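Enquirer: My structure is stored as query.txt, with compact mmCIF, C-alpha atoms.
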# COMPACT_ATOMS: atom_id res chain seq x y z
CA MET A 421 187.90 12.92 254.52
CA ALA A 422 187.07 9.28 253.83
CA GLY A 423 189.06 7.10 251.55
CA MET A 424 190.18 3.63 250.65
CA ASN A 425 193.73 2.71 251.51
CA ARG A 426 195.35 -0.43 250.14
CA ARG A 427 197.85 -0.49 252.96
CA THR A 428 195.85 -2.06 255.74
CA PHE A 429 196.68 -3.20 259.18
CA PHE A 430 196.87 -6.36 261.25
CA LYS A 431 196.68 -6.84 264.98
CA GLY A 432 200.29 -6.80 266.13
CA PRO A 433 201.50 -7.62 269.64
CA LEU A 434 201.89 -4.68 272.01
CA ALA A 435 204.35 -4.59 274.86
CA ALA A 436 203.19 -5.57 278.32
CA GLY A 437 201.84 -2.86 280.63
CA LEU A 438 203.92 -1.07 283.29
CA ALA A 439 203.25 -0.09 286.78
CA GLY A 440 203.34 3.32 288.39
CA ALA A 441 202.29 6.90 287.64
CA GLY A 442 200.19 5.91 284.66
CA LEU A 443 203.27 4.83 282.72
CA SER A 444 204.63 1.51 281.54
CA ARG A 445 208.20 0.44 281.05
CA PRO A 446 209.81 1.45 277.75
CA VAL A 447 209.06 -0.81 274.79
CA ARG A 448 212.09 -1.80 272.78
CA ALA A 449 212.39 0.30 269.61
CA SER A 450 213.97 -0.95 266.39
CA THR A 451 216.41 1.94 265.91
CA ARG A 452 218.53 4.04 268.25
CA ASP A 453 216.73 7.33 267.53
CA GLU A 454 213.31 5.92 268.41
CA ARG A 455 211.69 5.16 271.72
CA CYS A 456 208.35 3.70 272.65
CA PHE A 457 206.28 3.57 275.82
CA GLN A 458 202.85 2.46 276.86
CA LEU A 459 200.45 3.83 279.45
CA ASP A 460 198.70 1.64 282.00
CA ASN A 461 195.46 1.94 279.99
CA GLY A 462 197.14 0.42 276.90
CA PHE A 463 197.67 3.67 274.98
CA THR A 464 200.96 3.33 273.07
CA VAL A 465 203.35 6.09 272.00
CA GLN A 466 206.29 5.91 269.60
CA VAL A 467 208.71 8.83 269.28
CA ALA A 468 211.39 9.59 266.71
CA GLU A 469 213.14 12.77 267.80
CA ALA A 470 214.86 14.72 265.03
CA ASP A 471 215.98 18.28 264.47
CA PHE A 472 213.14 19.26 262.12
CA GLY A 473 212.47 22.58 263.87
CA TYR A 474 208.81 21.55 264.19
CA THR A 475 206.74 18.66 265.49
CA ALA A 476 204.50 16.28 263.54
CA LEU A 477 202.29 13.56 264.92
CA LEU A 478 199.81 10.91 263.89
CA LEU A 479 197.13 9.49 266.16
CA MET A 480 195.56 6.24 264.98
CA LEU A 481 192.46 4.53 266.34
CA ARG A 482 191.80 1.01 265.06
CA SER A 483 188.54 -0.82 265.64
CA LYS A 484 186.28 -3.35 264.00
CA GLU A 485 183.46 -0.89 264.75
CA ILE A 486 184.77 1.64 262.23
CA SER A 487 183.03 0.89 258.96
CA ASP A 488 182.07 3.03 256.02
CA ASP A 489 178.83 1.04 255.79
CA ASP A 490 177.05 3.45 258.13
CA GLY A 491 179.29 6.51 257.79
CA LEU A 492 179.39 7.17 261.55
CA GLY A 493 183.18 6.87 261.73
CA HIS A 494 183.48 9.41 258.91
CA LEU A 495 181.20 11.82 260.79
CA ILE A 496 183.21 11.38 264.01
CA GLU A 497 186.34 12.27 262.08
CA HIS A 498 184.75 15.52 260.86
CA THR A 499 183.29 16.61 264.20
CA SER A 500 186.59 16.08 266.02
CA PHE A 501 188.06 19.35 264.70
CA ALA A 502 185.10 21.57 265.48
CA GLY A 503 182.78 19.99 268.05
CA ALA A 504 182.54 20.40 271.80
CA ALA A 505 184.82 18.04 273.76
CA GLY A 506 185.36 17.51 277.47
CA GLU A 507 184.64 20.81 279.23
CA ARG A 508 185.39 22.87 276.11
CA SER A 509 182.68 24.34 273.90
CA ALA A 510 182.71 23.87 270.14
CA HIS A 511 184.00 27.43 269.75
CA GLU A 512 186.82 26.83 272.23
CA VAL A 513 187.87 23.63 270.47
CA GLU A 514 187.88 25.32 267.08
CA GLU A 515 189.90 28.28 268.35
CA ALA A 516 192.40 25.95 270.05
CA TRP A 517 193.03 24.09 266.79
CA LYS A 518 193.68 27.43 265.09
CA ASP A 519 195.92 28.66 267.93
CA TYR A 520 198.13 25.61 268.34
CA VAL A 521 198.07 23.60 265.09
CA GLN A 522 199.46 25.04 261.88
CA ASP A 523 198.55 22.09 259.65
CA SER A 524 196.14 19.21 260.31
CA ASN A 525 194.02 16.57 258.64
CA ALA A 526 192.02 13.44 259.42
CA THR A 527 191.02 10.41 257.37
CA THR A 528 188.66 7.48 257.78
CA SER A 529 189.15 4.11 256.12
CA PRO A 530 187.85 0.62 256.91
CA GLY A 531 188.82 -0.18 260.47
CA ARG A 532 190.56 3.05 261.41
CA ILE A 533 190.45 6.79 261.96
CA VAL A 534 193.69 8.75 261.70
CA TRP A 535 194.39 12.30 262.86
CA THR A 536 197.56 14.16 261.82
CA ALA A 537 198.95 17.50 262.95
CA SER A 538 202.07 19.59 262.45
CA PHE A 539 202.93 22.50 264.74
CA LEU A 540 205.70 24.46 266.44
CA PRO A 541 207.33 22.54 269.31
CA HIS A 542 206.27 24.93 272.10
CA HIS A 543 202.63 23.92 271.47
CA LEU A 544 203.26 20.20 272.01
CA GLU A 545 201.42 19.77 275.31
CA GLN A 546 198.43 21.84 274.18
CA VAL A 547 198.12 19.73 271.03
CA ILE A 548 198.31 16.45 272.95
CA GLU A 549 195.64 17.67 275.38
CA LEU A 550 193.43 18.72 272.48
CA LEU A 551 193.86 15.38 270.70
CA ALA A 552 192.96 13.47 273.85
CA LEU A 553 189.76 15.47 274.29
CA THR A 554 188.64 15.35 270.67
CA SER A 555 189.41 11.66 270.13
CA LEU A 556 188.12 10.28 273.45
CA ASP A 557 185.68 12.83 274.85
CA GLN A 558 183.62 14.33 272.01
CA ARG A 559 180.19 15.64 273.05
CA PHE A 560 178.51 15.85 269.60
CA ASP A 561 176.65 19.07 270.14
CA VAL A 562 173.76 19.38 267.68
CA PRO A 563 174.91 22.60 265.92
CA THR A 564 178.30 21.03 265.12
CA VAL A 565 176.69 17.80 263.92
CA ALA A 566 174.36 19.82 261.67
CA GLN A 567 177.27 21.79 260.25
CA GLU A 568 179.56 18.83 259.67
CA LYS A 569 176.96 16.48 258.22
CA ALA A 570 176.29 19.10 255.54
CA ILE A 571 180.01 19.17 254.71
CA VAL A 572 180.18 15.36 254.66
CA LEU A 573 177.23 15.27 252.26
CA GLN A 574 179.05 17.59 249.86
CA GLU A 575 182.12 15.34 250.03
CA LEU A 576 180.02 12.23 249.36
CA TYR A 577 178.20 13.84 246.43
CA ASP A 578 181.58 14.81 245.01
CA ASP A 579 182.65 11.15 245.23
CA LYS A 580 179.40 9.94 243.69
CA TYR A 581 179.14 12.28 240.73
CA ASP A 582 182.78 12.95 239.91
CA GLY A 583 183.39 10.66 236.94
CA SER A 584 187.17 10.61 237.39
CA GLY A 585 187.04 7.85 239.99
CA GLN A 586 184.45 5.55 238.43
CA GLY A 587 186.88 3.58 236.31
CA GLU A 588 189.29 3.21 239.22
CA ARG A 589 186.47 1.88 241.42
CA GLN A 590 185.64 -0.70 238.71
CA LEU A 591 189.28 -1.74 238.68
CA GLU A 592 189.41 -2.06 242.47
CA ARG A 593 186.30 -4.27 242.52
CA SER A 594 187.84 -6.48 239.83
CA LEU A 595 191.09 -6.84 241.78
CA TYR A 596 189.71 -7.25 245.30
CA GLY A 597 186.14 -8.43 244.81
CA LYS A 598 183.16 -6.16 245.35
CA ASP A 599 182.65 -7.26 248.99
CA HIS A 600 186.20 -6.72 250.20
CA PRO A 601 186.45 -3.79 252.66
CA LEU A 602 188.97 -2.04 250.41
CA ALA A 603 186.68 -2.14 247.37
CA ARG A 604 183.15 -2.04 248.77
CA ASP A 605 181.23 1.02 247.60
CA THR A 606 179.42 2.48 250.61
CA THR A 607 178.69 5.94 249.21
CA GLU A 608 174.89 5.54 249.08
CA ALA A 609 174.71 4.19 252.64
CA GLU A 610 176.82 7.07 253.91
CA ILE A 611 174.64 9.60 252.09
CA ARG A 612 171.53 8.17 253.71
CA LYS A 613 173.14 8.38 257.14
CA ALA A 614 174.30 11.97 256.60
CA LYS A 615 170.73 12.96 255.73
CA THR A 616 169.53 11.95 259.22
CA PRO A 617 168.17 14.97 261.18
CA ALA A 618 170.97 16.52 263.24
CA ASN A 619 169.38 15.90 266.64
CA GLU A 620 168.83 12.20 265.88
CA LEU A 621 172.29 11.85 264.36
CA ALA A 622 173.91 13.44 267.43
CA VAL A 623 172.30 10.77 269.65
CA GLU A 624 173.54 8.00 267.32
CA LEU A 625 177.06 9.44 267.33
CA ARG A 626 177.17 9.65 271.13
CA GLU A 627 176.17 6.01 271.45
CA PHE A 628 178.53 4.90 268.70
CA SER A 629 181.46 6.85 270.16
CA LYS A 630 181.18 4.94 273.45
CA ARG A 631 182.27 1.83 271.53
CA LEU A 632 185.29 3.72 270.16
CA ARG A 633 186.68 5.03 273.45
CA LEU A 634 189.42 2.43 273.34
CA PRO A 635 192.79 3.76 274.58
CA ALA A 636 194.40 0.33 274.12
CA ASN A 637 193.43 0.45 270.43
CA MET A 638 195.20 3.78 269.93
CA ASN A 639 198.75 4.57 268.84
CA LEU A 640 200.35 8.00 268.91
CA TYR A 641 203.43 8.63 266.75
CA ILE A 642 205.48 11.80 267.29
CA VAL A 643 208.40 12.86 265.08
CA GLY A 644 210.58 15.93 264.93
CA SER A 645 211.51 18.45 267.59
CA LEU A 646 210.12 18.02 271.11
CA GLY A 647 211.25 21.38 272.50
CA SER A 648 211.23 21.58 276.29
CA HIS A 649 209.38 18.23 276.53
CA SER A 650 212.23 16.09 275.21
CA SER A 651 212.81 14.54 278.65
CA ASP A 652 209.27 14.45 280.08
CA LEU A 653 207.13 13.57 277.08
CA ASP A 654 205.93 10.35 278.73
CA ARG A 655 204.49 12.34 281.64
CA VAL A 656 202.84 14.87 279.33
CA VAL A 657 201.09 12.09 277.41
CA ALA A 658 200.12 10.31 280.62
CA ARG A 659 198.63 13.52 282.02
CA HIS A 660 196.14 13.77 279.14
CA PHE A 661 195.62 10.33 277.58
CA GLY A 662 196.32 8.39 280.77
CA ARG A 663 193.22 9.67 282.57
CA TYR A 664 190.91 7.55 280.40
CA ALA A 665 190.05 4.07 281.63
CA ALA A 666 191.72 1.03 280.07
CA LYS A 667 189.56 -0.41 277.32
CA SER A 668 190.19 -2.38 274.15
CA GLY A 669 188.24 -4.04 271.37
CA PRO A 670 188.80 -6.20 268.28
CA PHE A 671 190.49 -4.78 265.20
CA LEU A 672 189.04 -5.14 261.71
CA GLU A 673 190.63 -8.20 260.14
CA MET A 674 191.28 -7.74 256.43
CA PRO A 675 190.73 -10.92 254.39
CA GLU A 676 193.63 -11.79 252.12
CA VAL A 677 192.93 -11.21 248.44
CA PRO A 678 193.42 -14.22 246.18
CA ARG A 679 195.87 -13.95 243.32
CA THR A 680 194.41 -12.67 240.04
CA VAL A 681 193.81 -15.68 237.81
CA GLY A 682 191.99 -14.42 234.70
CA TYR A 683 191.92 -11.60 232.17
CA LYS A 684 189.36 -8.82 232.39
CA ALA A 685 189.21 -5.91 229.96
CA LEU A 686 187.44 -2.72 231.13
CA THR A 687 186.81 0.22 228.82
CA LYS A 688 185.10 3.50 229.66
CA ARG A 689 184.84 7.08 228.54
CA SER A 690 186.50 9.63 230.81
CA ARG A 691 185.32 13.21 231.15
CA ASP A 692 188.76 14.07 232.51
CA LEU A 693 190.47 13.15 229.23
CA GLU A 694 189.97 14.86 225.90
CA ARG A 695 190.61 13.18 222.57
CA PRO A 696 193.05 12.04 221.35
CA LEU A 697 194.35 11.34 224.86
CA SER A 698 193.51 8.07 226.61
CA SER A 699 194.89 6.25 229.63
CA LEU A 700 195.79 2.64 230.20
CA GLU A 701 196.09 0.84 233.52
CA VAL A 702 197.16 -2.78 233.82
CA ALA A 703 196.96 -4.28 237.31
CA TRP A 704 196.95 -7.65 239.02
CA ASN A 705 197.19 -9.03 242.53
CA THR A 706 200.25 -11.21 242.97
CA GLY A 707 199.05 -12.85 246.18
CA VAL A 708 202.24 -11.60 247.87
CA THR A 709 201.69 -9.69 251.12
CA ILE A 710 204.20 -7.50 252.91
CA ARG A 711 205.45 -10.36 255.08
CA HIS A 712 205.90 -12.76 252.13
CA PRO A 713 209.50 -13.85 251.36
CA ASP A 714 209.18 -12.50 247.78
CA ALA A 715 207.99 -9.02 248.81
CA ALA A 716 211.38 -7.27 248.53
CA ALA A 717 212.11 -8.92 245.16
CA LEU A 718 208.77 -7.68 243.80
CA VAL A 719 209.42 -4.12 245.01
CA LEU A 720 212.71 -4.19 243.13
CA LEU A 721 211.09 -5.87 240.13
CA ALA A 722 208.59 -3.00 239.89
CA LYS A 723 211.46 -0.51 239.80
CA TYR A 724 213.13 -2.58 237.08
CA VAL A 725 209.92 -2.85 235.03
CA ASN A 726 209.52 0.91 235.39
CA SER A 727 212.94 1.42 233.80
CA VAL A 728 212.19 -1.01 230.95
CA LEU A 729 208.85 0.66 230.17
CA PHE A 730 210.46 4.10 230.23
CA ASP A 731 213.18 3.02 227.79
CA ARG A 732 210.88 1.14 225.44
CA ILE A 733 207.51 2.92 225.40
CA ARG A 734 208.76 6.45 225.97
CA GLU A 735 212.34 6.69 224.71
CA THR A 736 212.29 4.13 221.87
CA ASP A 737 208.68 4.20 220.65
CA GLY A 738 207.62 7.67 221.84
CA ASP A 739 204.13 6.37 222.61
CA ALA A 740 203.71 7.72 226.16
CA TYR A 741 205.20 10.57 228.13
CA SER A 742 205.40 8.94 231.54
CA PRO A 743 204.74 5.20 231.92
CA GLU A 744 204.87 4.12 235.58
CA ALA A 745 205.04 0.71 237.24
CA ASP A 746 204.45 0.32 240.96
CA PHE A 747 204.05 -2.46 243.48
CA ASP A 748 201.62 -1.59 246.26
CA LEU A 749 201.51 -4.16 249.04
CA CYS A 750 199.99 -4.52 252.48
CA ASP A 751 199.03 -7.35 254.80
CA CYS A 752 196.20 -8.61 252.57
CA ALA A 753 197.37 -8.04 248.98
CA GLY A 754 200.26 -7.18 246.71
CA VAL A 755 199.09 -5.30 243.63
CA PHE A 756 201.34 -4.71 240.63
CA ASP A 757 200.12 -1.63 238.79
CA ILE A 758 201.21 -0.12 235.44
CA CYS A 759 199.75 3.23 234.33
CA LEU A 760 200.32 5.52 231.37
CA LYS A 761 198.59 8.09 229.19
CA THR A 762 198.86 7.97 225.44
CA THR A 763 197.42 9.30 222.19
CA LYS A 764 197.69 5.82 220.68
CA ASP A 765 195.10 3.05 220.74
CA PRO A 766 195.34 1.69 224.32
CA ARG A 767 194.81 -1.87 223.03
CA ARG A 768 197.97 -1.54 220.99
CA ILE A 769 199.86 -0.09 223.96
CA GLU A 770 198.60 -2.94 226.12
CA LYS A 771 200.38 -5.37 223.78
CA GLN A 772 203.56 -3.29 224.00
CA VAL A 773 203.44 -3.27 227.80
CA LEU A 774 203.02 -7.04 227.95
CA ALA A 775 205.78 -7.51 225.38
CA ALA A 776 208.06 -5.52 227.68
CA LEU A 777 207.07 -7.76 230.60
CA ALA A 778 207.87 -10.83 228.51
CA GLU A 779 211.31 -9.36 227.87
CA VAL A 780 211.88 -8.95 231.61
CA LYS A 781 210.80 -12.54 232.22
CA ARG A 782 213.52 -13.66 229.79
CA SER A 783 216.34 -11.50 231.12
CA VAL A 784 217.15 -9.12 233.98
CA GLY A 785 220.20 -6.93 233.43
CA ALA A 786 222.52 -6.79 236.43
CA ARG A 787 223.71 -3.24 235.71
CA GLU A 788 220.22 -1.75 235.50
CA LEU A 789 219.16 -3.72 238.56
CA GLU A 790 221.98 -2.10 240.57
CA ARG A 791 220.70 1.30 239.47
CA CYS A 792 217.23 0.34 240.69
CA LYS A 793 218.64 -0.74 244.05
CA GLU A 794 220.30 2.64 244.46
CA ARG A 795 217.03 4.43 243.63
CA CYS A 796 215.31 2.38 246.33
CA GLU A 797 218.05 3.27 248.79
CA LEU A 798 217.80 6.96 247.92
CA ASN A 799 214.05 6.89 248.51
CA ARG A 800 214.55 5.10 251.83
CA ARG A 801 217.04 7.71 253.03
CA ARG A 802 214.85 10.59 251.88
CA ASN A 803 211.83 9.13 253.66
CA LYS A 804 213.71 9.11 256.97
CA ARG A 805 213.96 12.91 256.65
CA GLN A 806 210.30 13.53 255.78
CA ASP A 807 207.83 13.70 258.64
CA ASP A 808 204.87 12.24 256.72
CA LYS A 809 206.91 9.29 255.44
CA LEU A 810 208.42 8.66 258.87
CA LEU A 811 204.99 8.70 260.51
CA GLU A 812 203.66 6.34 257.86
CA SER A 813 206.58 3.98 258.40
CA LEU A 814 206.09 3.91 262.17
CA SER A 815 202.37 3.18 261.85
CA GLU A 816 202.97 0.49 259.21
CA ARG A 817 205.39 -1.26 261.53
CA THR A 818 202.75 -1.33 264.27
CA CYS A 819 199.97 -2.56 262.03
CA GLN A 820 201.81 -4.94 259.72
CA GLY A 821 204.86 -5.98 261.69
CA ILE A 822 207.15 -4.40 259.10
CA ALA A 823 207.22 -1.05 257.32
CA PHE A 824 207.47 -0.80 253.54
CA ASP A 825 210.82 1.02 253.86
CA GLU A 826 212.21 -1.85 255.95
CA LEU A 827 212.01 -4.38 253.12
CA ASP A 828 215.59 -5.35 252.33
CA THR A 829 215.94 -4.68 248.61
CA ARG A 830 219.71 -4.31 248.95
CA SER A 831 220.29 -8.04 249.42
CA VAL A 832 218.04 -9.10 246.50
CA SER A 833 220.04 -10.67 243.67
CA ALA A 834 219.46 -10.57 239.92
CA SER A 835 218.45 -14.23 240.02
CA ASP A 836 215.87 -13.42 242.74
CA VAL A 837 214.34 -10.73 240.54
CA GLN A 838 214.46 -13.01 237.49
CA SER A 839 212.65 -15.72 239.44
CA ALA A 840 210.03 -13.21 240.65
CA ALA A 841 209.51 -11.98 237.08
CA GLU A 842 208.93 -15.51 235.80
CA ARG A 843 206.55 -16.27 238.64
CA TYR A 844 204.53 -13.08 238.96
CA LEU A 845 204.52 -11.20 235.63
CA PRO A 846 201.55 -12.14 233.41
CA ASP A 847 201.41 -13.03 229.74
CA TYR A 848 199.39 -11.00 227.21
CA GLN A 849 195.67 -11.31 228.07
CA GLY A 850 196.67 -13.51 230.97
CA ALA A 851 195.97 -12.96 234.67
CA TYR A 852 195.43 -9.20 234.95
CA VAL A 853 192.80 -6.48 234.69
CA ARG A 854 193.08 -3.87 231.97
CA LEU A 855 191.35 -0.51 232.30
CA ALA A 856 191.33 1.67 229.17
CA GLU A 857 189.86 5.15 229.67
CA LEU A 858 189.12 6.95 226.42
CA GLY A 859 189.08 10.69 226.00
CA THR A 860 185.84 12.46 225.07
CA GLY A 861 185.13 15.42 222.82
Just give me the structure of the file as structure tokens.

Expert:
Amino acid sequence: MAGMNRRTFFKGPLAAGLAGAGLSRPVRASTRDERCFQLDNGFTVQVAEADFGYTALLLMLRSKEISDDDGLGHLIEHTSFAGAAGERSAHEVEEAWKDYVQDSNATTSPGRIVWTASFLPHHLEQVIELLALTSLDQRFDVPTVAQEKAIVLQELYDDKYDGSGQGERQLERSLYGKDHPLARDTTEAEIRKAKTPANELAVELREFSKRLRLPANMNLYIVGSLGSHSSDLDRVVARHFGRYAAKSGPFLEMPEVPRTVGYKALTKRSRDLERPLSSLEVAWNTGVTIRHPDAAALVLLAKYVNSVLFDRIRETDGDAYSPEADFDLCDCAGVFDICLKTTKDPRRIEKQVLAALAEVKRSVGARELERCKERCELNRRRNKRQDDKLLESLSERTCQGIAFDELDTRSVSASDVQSAAERYLPDYQGAYVRLAELGTG
């Protein structure tokens, strides 16, 4: 599966290598229930042991070489679950995934490939061995390449001809610029590559994969129950990932997105909506990245705006069932996003949304702000008990230096939020992009 992800990564410092038995000294972790170690070849592992009753992991490979422009990274992602690897045939690899892994997925986005798996703890070593083979020693047998390129083509055609994402892609290009890695449309280029004859494509993939065998560019995150390997996990990982030679390469550097400075109104018909229903999305880039001093205040401001929109547009006016405001930030952008569906004229609702923002710019209620803080804290505590959220947080910390859940919203004051509202909320037809999708029929 390929996809754009606003939360991107930066090249963070890794701990120095260790000597002896393929292992390095422990890397200092930020919390007591986490530990981190690094192999001599640069492969880094972070563990958060918890009594989940199962194990979940995420393996991330970052490289400047991974680009959707040619689609080769996307094809490598697909062949990793079914193709021959190491001394194992394609059939043996496929059967091993079915035997040991109860739930798995993989995604490709600019600059990275990510594999995830969830399984019962007694399969931990088998899964680690399998991941090492399929991520660092794929053989790209022609039958598997032929099979998977056909599947990739179907996925790409679905992206191309499914009208539901066209408006969103227009919005992304308006926010990021059409040449930014997070907004660039590479569908046609990927389709052309996937149409390459299987035998030729297999050769290309073998050559390309040599540039991606980069243990020092890989991070493995493991959360949950470790079973019998609680005390020797470092040696298990070293046994399988440590046998590959040390190698590293540059990461993809994401250019920062400039703050939105003008108004752009987009309108399109949506086959997913039927009259009288329409949708409205109002979005703008604040220019605030995850390491910016105002990041936590903007996260809290989005929660506050969400409450105001709910009270005004849903409860008072009855013009939308579920208005939602969100602040999505990474190391290159901080996008404020407001979405709702309505049976009213979206241009009229746009004015109501901006009137609500003007109200927030004038006054932030301390009582409601405290409620928003407690919602943030509830989400943070819940996320520490969910394997997917915990894995995401660990990987964000590696890539960005700080995880989204680590932003300190608890110490943000009402005056901080008021200041952020005055500085970053736009006026009507000011610095934002409006996407109105109209129902058909």

Enquirer: Of the residues A:Met480, A:Leu551, A:Ile611, A:Val657, which is the one nearest to Leu459 (chain A), using only C-alpha atoms?

Expert: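 Once distances to Leu459 (chain A) are computed over only C-alpha atoms, the minimum belongs to A:Val657.
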
Enquirer: My list of candidates is A:Asp599, A:Asp748, A:Asp847, A:Asp731. Which is closest to Pro675 (chain A) when distances are computed with all atoms listed in the file?

Expert: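 Residue with the minimum atom-to-atom distance to Pro675 (chain A): A:Asp599.
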
Enquirer: Check which residues of region 549-644 of chain A sit at most 12 Å from region 692-716 of chain A using all atoms listed in the file, and return one row each with the closest pair of atoms and their distance in Å to one decimal, ordered by chain and rising number, as CSV.

Expert:
residue,atom,partner,partner_atom,distance
A:Asp582,CA,A:Asp692,CA,9.6
A:Gly583,CA,A:Asp692,CA,7.8
A:Ser584,CA,A:Asp692,CA,6.2
A:Gly585,CA,A:Asp692,CA,9.9
A:Gln586,CA,A:Asp692,CA,11.2
A:Gly587,CA,A:Glu701,CA,10.0
A:Glu588,CA,A:Glu701,CA,9.2
A:Gln590,CA,A:Glu701,CA,11.8
A:Leu591,CA,A:Ala703,CA,8.2
A:Glu592,CA,A:Ala703,CA,9.4
A:Arg593,CA,A:Trp704,CA,11.7
A:Ser594,CA,A:Trp704,CA,9.2
A:Leu595,CA,A:Asn705,CA,6.5
A:Tyr596,CA,A:Asn705,CA,8.2
A:Gly597,CA,A:Asn705,CA,11.3

Enquirer: Keeping C-alpha atoms for every residue in the selection just given, could you write it to a file as an mmCIF file, in the frame of the given file?

Expert:
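To be explicit, this is the file written out as result07.cif:
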data_model
loop_
_atom_site.group_PDB
_atom_site.id
_atom_site.type_symbol
_atom_site.label_atom_id
_atom_site.label_comp_id
_atom_site.auth_asym_id
_atom_site.auth_seq_id
_atom_site.Cartn_x
_atom_site.Cartn_y
_atom_site.Cartn_z
ATOM 1 C CA ASP A 582 182.780 12.950 239.910
ATOM 2 C CA GLY A 583 183.390 10.660 236.940
ATOM 3 C CA SER A 584 187.170 10.610 237.390
ATOM 4 C CA GLY A 585 187.040 7.850 239.990
ATOM 5 C CA GLN A 586 184.450 5.550 238.430
ATOM 6 C CA GLY A 587 186.880 3.580 236.310
ATOM 7 C CA GLU A 588 189.290 3.210 239.220
ATOM 8 C CA GLN A 590 185.640 -0.700 238.710
ATOM 9 C CA LEU A 591 189.280 -1.740 238.680
ATOM 10 C CA GLU A 592 189.410 -2.060 242.470
ATOM 11 C CA ARG A 593 186.300 -4.270 242.520
ATOM 12 C CA SER A 594 187.840 -6.480 239.830
ATOM 13 C CA LEU A 595 191.090 -6.840 241.780
ATOM 14 C CA TYR A 596 189.710 -7.250 245.300
ATOM 15 C CA GLY A 597 186.140 -8.430 244.810
#

Enquirer: Do a neighbour search on Pro563 (chain A) at 10 Å with all atoms listed in the file, toss out local chain neighbours closer than 3 positions, and write the hits as a ChimeraX atom specification.

Expert: /A:503-504,510,560,566-568,618-619,622

Enquirer: Using only C-alpha atoms, collect all residues at a distance of at most 12 Å from (219.2, 0.9, 246.4) as written in the file, then present them as a VMD selection string.

Expert: chain A and resid 716 719 to 720 723 to 724 788 to 802 825 827 to 833

Enquirer: One decimal, in Å: what's the spacing between CA of Thr464 (chain A) and CA of Leu625 (chain A)?

Expert: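 For CA of Thr464 (chain A) relative to CA of Leu625 (chain A), the distance reads 25.3 Å.
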
Enquirer: Could you jot down the CA of Gly861 (chain A) to CA of Ala740 (chain A) separation for me, Å, one decimal place?

Expert: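 Going from CA of Gly861 (chain A) over to CA of Ala740 (chain A), I get 20.4 Å.
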
Enquirer: Using only C-alpha atoms, pick whichever of A:Ile642, A:Lys484, A:Lys630, A:Asp579 has the shortest atom-to-atom distance to Ala537 (chain A).

Expert: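 Checking each of A:Ile642, A:Lys484, A:Lys630, A:Asp579 against Ala537 (chain A), counting only C-alpha atoms, the winner is A:Ile642.
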
Enquirer: What is the distance between CA of Val677 (chain A) and CA of Val853 (chain A), in Å to one decimal?

Expert: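 Rounded to one decimal, the two atoms are 14.5 Å apart.
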
Enquirer: I need the residue nearest Cys750 (chain A) from this list: A:Leu811, A:Val773, A:Val465, A:Met674. Use all atoms listed in the file for the distance.

Expert: A:Met674

Enquirer: With 12 Å as the threshold, what does the neighbourhood of (217.0, 15.6, 275.3) contain in terms of residues, counting only C-alpha atoms? Coordinates are those of the file; answer as a CSV table (one decimal) with C-alpha atoms, in the coordinates of the input.

Expert:
chain,number,residue,atom,x,y,z
A,453,ASP,CA,216.7,7.3,267.5
A,468,ALA,CA,211.4,9.6,266.7
A,469,GLU,CA,213.1,12.8,267.8
A,470,ALA,CA,214.9,14.7,265.0
A,471,ASP,CA,216.0,18.3,264.5
A,645,SER,CA,211.5,18.4,267.6
A,646,LEU,CA,210.1,18.0,271.1
A,647,GLY,CA,211.2,21.4,272.5
A,648,SER,CA,211.2,21.6,276.3
A,649,HIS,CA,209.4,18.2,276.5
A,650,SER,CA,212.2,16.1,275.2
A,651,SER,CA,212.8,14.5,278.6
A,652,ASP,CA,209.3,14.4,280.1
A,653,LEU,CA,207.1,13.6,277.1

Enquirer: Given only C-alpha atoms as the basis, pick out the residue of A:Glu512, A:Glu624, A:Glu507, A:Asp765 nearest to Val562 (chain A).

Expert: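 The closest residue to Val562 (chain A) is A:Glu624.
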
Enquirer: If you take every atom of region 675-681 of chain A that the file lists and fit an axis-aligned box around them with 3 Å extra on each side, what centre and edge lengths come out in Å to one decimal, as AutoDock Vina command-line options?

Expert:
--center_x 193.3 --center_y -13.3 --center_z 246.1 --size_x 11.1 --size_y 10.8 --size_z 22.6

Enquirer: I need the residue nearest Arg663 (chain A) from this list: A:Ala516, A:Leu686, A:Asp737, A:Leu556. Use only C-alpha atoms for the distance.

Expert: A:Leu556

Enquirer: List the spatial neighbours of Val837 (chain A) as a PyMOL selection string - criterion: any atom at most 8 Å away, all atoms listed in the file, same-chain residues fewer than 6 positions off excluded.

Expert: chain A and resi 717-718+720-721+784

Enquirer: Near Arg782 (chain A), within 12 Å and counting only C-alpha atoms, which residues show up once chain neighbours fewer than 6 positions away are dropped, as a PDB file with C-alpha atoms, in the frame of the given file?

Expert:
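around-v1.pdb, freshly written:
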ATOM      1  CA  ALA A 775     205.780  -7.510 225.380  1.00  0.00           C
ATOM      2  CA  ALA A 776     208.060  -5.520 227.680  1.00  0.00           C
ATOM      3  CA  SER A 835     218.450 -14.230 240.020  1.00  0.00           C
ATOM      4  CA  VAL A 837     214.340 -10.730 240.540  1.00  0.00           C
ATOM      5  CA  GLN A 838     214.460 -13.010 237.490  1.00  0.00           C
ATOM      6  CA  SER A 839     212.650 -15.720 239.440  1.00  0.00           C
ATOM      7  CA  ALA A 840     210.030 -13.210 240.650  1.00  0.00           C
ATOM      8  CA  ALA A 841     209.510 -11.980 237.080  1.00  0.00           C
ATOM      9  CA  GLU A 842     208.930 -15.510 235.800  1.00  0.00           C
ATOM     10  CA  ARG A 843     206.550 -16.270 238.640  1.00  0.00           C
ATOM     11  CA  LEU A 845     204.520 -11.200 235.630  1.00  0.00           C
TER      12      LEU A 845
END
